[in-house]
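**Student:** Enclosed is the structure file query_3.txt (compact mmCIF, C-alpha atoms).
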# COMPACT_ATOMS: atom_id res chain seq x y z
CA MET A 100 -19.01 11.09 1.83
CA MET A 101 -21.49 13.88 1.03
CA ALA A 102 -22.16 16.72 3.49
CA ALA A 103 -25.55 16.98 5.18
CA HIS A 104 -27.18 19.63 2.95
CA PRO A 105 -30.63 19.74 1.34
CA PRO A 106 -30.71 17.52 -1.76
CA ALA A 107 -29.56 19.29 -4.91
CA PRO A 108 -31.02 18.68 -8.37
CA ALA A 109 -29.78 15.33 -9.67
CA ARG A 110 -27.56 16.85 -12.37
CA HIS A 111 -25.74 19.13 -9.94
CA ARG A 112 -25.56 16.47 -7.26
CA GLY A 113 -23.90 14.05 -9.71
CA ILE A 114 -21.34 16.66 -10.73
CA ALA A 115 -20.52 17.43 -7.09
CA GLU A 116 -20.18 13.76 -6.16
CA ASP A 117 -17.92 13.06 -9.15
CA GLY A 118 -15.69 15.99 -8.18
CA ILE A 119 -15.38 14.81 -4.59
CA ALA A 120 -14.72 11.24 -5.75
CA ALA A 121 -12.01 12.43 -8.13
CA TYR A 122 -10.32 14.44 -5.38
CA ILE A 123 -10.34 11.49 -2.98
CA ALA A 124 -9.04 9.09 -5.65
CA GLU A 125 -6.19 11.47 -6.53
CA THR A 126 -5.08 12.30 -2.99
CA VAL A 127 -5.68 9.17 -0.89
CA PRO A 128 -3.47 6.05 -1.33
CA VAL A 129 -5.28 2.87 -2.35
CA ASP A 130 -4.48 1.06 0.90
CA SER A 131 -6.03 3.95 2.86
CA LEU A 132 -9.10 3.95 0.60
CA VAL A 133 -9.57 0.29 1.46
CA ALA A 134 -8.95 0.72 5.19
CA ASP A 135 -11.36 3.66 5.41
CA GLY A 136 -14.14 1.84 3.57
CA TYR A 137 -14.06 4.05 0.47
CA LEU A 138 -14.20 1.21 -2.05
CA ALA A 139 -17.52 -0.31 -1.05
CA GLY A 140 -21.07 0.89 -1.60
CA HIS A 141 -22.30 3.88 -3.62
CA ASP A 142 -19.37 6.15 -2.74
CA GLY A 143 -16.98 3.32 -3.53
CA ARG A 144 -18.47 2.97 -6.99
CA LEU A 145 -17.88 6.67 -7.72
CA ILE A 146 -14.30 6.55 -6.44
CA ALA A 147 -13.55 3.32 -8.32
CA HIS A 148 -14.56 5.12 -11.52
CA GLN A 149 -11.68 7.54 -10.92
CA LEU A 150 -8.97 4.95 -10.27
CA ARG A 151 -6.64 3.51 -12.86
CA ALA A 152 -6.58 -0.22 -13.55
CA PRO A 153 -3.33 -0.91 -11.61
CA GLN A 154 -4.87 0.78 -8.56
CA LEU A 155 -8.01 -1.33 -8.89
CA ARG A 156 -5.89 -4.48 -9.08
CA GLN A 157 -3.91 -3.36 -6.05
CA ALA A 158 -7.15 -2.96 -4.14
CA MET A 159 -8.07 -6.57 -4.95
CA ASN A 160 -5.26 -7.71 -2.64
CA SER A 161 -7.61 -6.72 0.19
CA SER A 162 -10.63 -8.59 -1.18
CA VAL A 163 -12.43 -11.37 0.64
CA CYS A 164 -11.62 -13.68 -2.27
CA HIS A 165 -7.90 -12.97 -1.89
CA ALA A 166 -8.07 -13.65 1.85
CA VAL A 167 -10.16 -16.84 1.95
CA GLN A 168 -9.79 -18.13 -1.64
CA PRO A 169 -13.35 -19.46 -2.01
CA ASP A 170 -14.39 -22.08 -4.56
CA VAL A 171 -14.27 -20.27 -7.91
CA ASP A 172 -17.26 -22.30 -9.14
CA SER A 173 -19.43 -20.46 -6.61
CA PHE A 174 -19.25 -17.38 -8.85
CA PHE A 175 -20.31 -19.04 -12.12
CA GLN A 176 -23.40 -20.85 -13.37
CA GLU A 177 -22.68 -24.44 -14.24
CA ASP A 178 -23.49 -25.81 -17.67
CA GLY A 179 -27.09 -26.99 -17.67
CA GLU A 180 -27.75 -25.68 -14.16
CA PRO A 181 -31.37 -24.50 -13.77
CA ASP A 182 -31.65 -20.73 -13.36
CA ALA A 183 -33.51 -21.16 -10.06
CA ASP A 184 -30.67 -23.23 -8.59
CA TRP A 185 -28.05 -20.79 -9.87
CA LYS A 186 -29.97 -17.87 -8.36
CA GLN A 187 -29.91 -19.55 -4.94
CA ARG A 188 -26.19 -20.31 -5.22
CA ARG A 189 -25.20 -16.84 -6.32
CA THR A 190 -27.35 -15.27 -3.60
CA ARG A 191 -25.33 -17.24 -1.04
CA THR A 192 -22.10 -16.24 -2.78
CA VAL A 193 -22.98 -12.55 -2.69
CA ARG A 194 -24.07 -12.80 0.96
CA ASP A 195 -21.02 -14.73 2.15
CA HIS A 196 -18.33 -13.00 0.10
CA CYS A 197 -19.34 -9.86 -1.80
CA THR A 198 -21.54 -8.10 0.75
CA VAL A 199 -18.79 -8.13 3.37
CA CYS A 200 -15.95 -7.39 0.93
CA PRO A 201 -14.27 -3.99 1.48
CA VAL A 202 -13.39 -3.61 -2.21
CA ARG A 203 -16.53 -4.85 -3.93
CA ALA A 204 -16.93 -1.57 -5.88
CA ALA A 205 -13.37 -1.87 -7.18
CA CYS A 206 -14.02 -5.51 -8.13
CA ALA A 207 -17.10 -4.58 -10.16
CA GLU A 208 -15.33 -1.68 -11.86
CA LEU A 209 -12.36 -3.84 -12.81
CA ALA A 210 -14.71 -6.44 -14.30
CA LEU A 211 -16.37 -3.73 -16.40
CA ARG A 212 -13.01 -2.30 -17.55
CA ASP A 213 -11.99 -5.82 -18.62
CA GLY A 214 -15.38 -6.61 -20.15
CA ASP A 215 -15.55 -9.63 -17.83
CA THR A 216 -19.25 -10.22 -17.13
CA ALA A 217 -19.36 -14.03 -17.12
CA GLY A 218 -19.72 -14.48 -13.37
CA VAL A 219 -20.53 -12.69 -10.13
CA ARG A 220 -18.19 -9.73 -9.60
CA GLY A 221 -18.44 -7.13 -6.88
CA GLY A 222 -21.80 -8.45 -5.77
CA LEU A 223 -23.33 -8.09 -9.25
CA ASP A 224 -24.64 -11.01 -11.28
CA PRO A 225 -23.83 -11.32 -15.01
CA GLN A 226 -27.10 -9.68 -16.06
CA LYS A 227 -26.47 -6.59 -13.93
CA LEU A 228 -22.87 -6.41 -15.13
CA ASP A 229 -24.02 -6.59 -18.75
CA ARG A 230 -26.55 -3.81 -18.18
CA ARG A 231 -23.91 -1.56 -16.61
CA LEU A 232 -21.45 -2.41 -19.38
CA ALA A 233 -23.98 -1.19 -21.94
CA ALA A 234 -25.20 1.81 -19.97
CA GLU A 235 -21.70 3.05 -19.12
CA SER A 236 -19.98 2.26 -22.41
CA SER A 237 -18.84 5.86 -23.03
CA ARG A 238 -17.44 6.28 -19.52
CA LEU A 239 -15.69 2.92 -19.66
CA GLN A 240 -14.15 3.76 -23.03
CA ARG A 241 -12.69 6.95 -21.53
CA ALA A 242 -11.47 5.02 -18.47
CA ARG A 243 -9.71 2.42 -20.64
CA ALA A 244 -8.05 5.18 -22.66
CA ALA A 245 -6.85 6.81 -19.43
CA ASP A 246 -5.55 3.43 -18.24
CA GLU A 247 -3.56 3.03 -21.46
CA GLN A 248 -2.14 6.55 -21.22
CA ALA A 249 -1.14 5.97 -17.61
CA GLY A 250 0.55 2.72 -18.65
CA GLU A 251 2.49 4.45 -21.40
CA GLU A 252 3.64 7.17 -19.01
CA GLN A 253 4.72 4.56 -16.49
CA ARG A 254 6.70 2.68 -19.15
CA ALA A 255 8.38 5.95 -20.17
CA ARG A 256 9.40 6.62 -16.54
CA PHE A 257 10.79 3.09 -16.18
CA ALA A 258 12.74 3.42 -19.44
CA ALA A 259 14.16 6.79 -18.36
CA GLY A 260 15.22 5.33 -15.01
CA ALA A 261 16.83 2.33 -16.72
CA GLU A 262 18.77 4.65 -19.02
CA VAL A 263 20.10 6.58 -16.03
CA LEU A 264 21.29 3.33 -14.43
CA GLN A 265 22.96 2.22 -17.64
CA LEU A 266 24.76 5.51 -18.06
CA THR A 267 25.76 5.48 -14.39
CA GLY A 268 27.58 2.23 -15.03
CA GLN A 269 29.34 3.71 -18.03
CA TYR A 270 30.27 6.81 -16.08
CA LEU A 271 31.73 4.80 -13.22
CA GLY A 272 33.67 2.51 -15.57
CA THR A 273 37.02 3.02 -17.13
CA GLY A 274 37.59 4.97 -20.32
CA THR A 275 39.37 7.89 -21.84
CA PRO A 276 38.78 11.37 -20.36
CA GLN A 277 36.86 12.34 -23.50
CA LYS A 278 34.58 9.28 -23.21
CA ARG A 279 33.97 9.95 -19.55
CA ARG A 280 32.98 13.55 -20.34
CA GLU A 281 30.57 12.30 -22.99
CA ASN A 282 29.05 9.84 -20.52
CA VAL A 283 28.65 12.55 -17.91
CA ALA A 284 26.77 14.72 -20.41
CA LYS A 285 24.54 11.78 -21.41
CA PHE A 286 23.93 10.92 -17.76
CA ARG A 287 22.88 14.47 -16.92
CA GLU A 288 20.51 14.63 -19.89
CA ALA A 289 18.98 11.25 -19.03
CA ALA A 290 18.56 12.28 -15.39
CA ARG A 291 16.87 15.50 -16.51
CA ARG A 292 14.38 13.56 -18.69
CA ARG A 293 13.69 11.12 -15.86
CA ASP A 294 13.12 13.92 -13.36
CA GLU A 295 10.78 15.74 -15.75
CA LEU A 296 8.67 12.59 -16.23
CA VAL A 297 8.52 11.93 -12.49
CA ALA A 298 7.61 15.56 -11.77
CA ALA A 299 4.85 15.50 -14.39
CA HIS A 300 3.47 12.30 -12.87
CA ARG A 301 3.46 13.81 -9.40
CA ARG A 302 1.67 16.94 -10.62
CA SER A 303 -1.00 14.89 -12.40
CA ALA A 304 -1.51 12.80 -9.26
CA GLY A 305 -1.84 15.89 -7.06
CA TRP A 306 1.36 15.19 -5.15
CA THR A 307 3.58 17.90 -3.75
CA ALA A 308 7.08 18.43 -5.11
CA ALA A 309 8.54 16.62 -2.11
CA ALA A 310 6.24 13.59 -2.40
Could you take the file, read its structure, and then write that structure out as structure tokens?
**Tutor:**
Amino acid sequence: MMAAHPPAPARHRGIAEDGIAAYIAETVPVDSLVADGYLAGHDGRLIAHQLRAPQLRQAMNSSVCHAVQPDVDSFFQEDGEPDADWKQRRTRTVRDHCTVCPVRAACAELALRDGDTAGVRGGLDPQKLDRRLAAESSRLQRARAADEQAGEEQRARFAAGAEVLQLTGQYLGTGTPQKRRENVAKFREAARRRDELVAAHRRSAGWTAAA
């Protein structure tokens, strides 16, 4: 993802990579991110940080687990299982499923957002997930807040669209001329609110007005 330039100081390099990752996450559809290999490896981790939870869950539709539906027990240590045996089993699980998965970075990020560190996720064992959960607590808190805000905005858009449909039915129905005029005014106001919410969403996502 990065251009072939001399290495920059770590602080500046991190800022540049985060900016590029944010741009890609905002402008490239999730299905294209998956197809182009952007949700695996180091770059995938940076881009996954920028995605909202629904996008991460959408990406999981392209996971190896979704395609082959492996034995879920392969990802968890059994009660009383010796650590050495579990290490061998999870190594095979990571090799056979996670290493070749095109969305392993999204899988790990979703596990961290959900605080789900009980089993192997995105190629990381529970210990590594726990360490990242602790080390990235501030970032994850901000990501969860952004997820919640995005969810509230989506619910507002759905509610505005539902109101337009409801008023459309009233407008098309029978009634006195005065009632029809009132419904037309309500319909126009509801449509205006809906369009404003949709336009704001498109601007925040980096879409053009025609998108």
**Student:** Can you tell me how far CA of Glu177 (chain A) sits from CA of Asn160 (chain A), in Å to one decimal?
**Tutor:**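 Between CA of Glu177 (chain A) and CA of Asn160 (chain A) the gap works out to 26.8 Å.
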**Student:** Tell me, in Å to one decimal, how far CA of Ser173 (chain A) is from CA of Cys206 (chain A).
**Tutor:** 16.0 Å
**Student:** List the neighbours of region 137-151 of chain A out to 6 Å using only C-alpha atoms; skip same-chain residues closer than 3 positions along the sequence, and give me the result as a list in words.
**Tutor:** Ala120, Ala121, Ala124, Leu132, Val133, Gln154, Pro201, Val202, Arg203, Ala204, Ala205 and Asp246 of chain A
**Student:** Within 7 Å of Leu232 (chain A), counting only C-alpha atoms, which residues qualify if same-chain residues fewer than 4 places away don't, as a list in words?
**Tutor:**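 In the requested form, the answer reads Leu211, Leu228 and Ser236 of chain A.
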**Student:** Between A:Ala152, A:Glu125, A:Ile119, A:Thr190, which is the closest to Ala210 (chain A) once you count only C-alpha atoms?
**Tutor:** A:Ala152
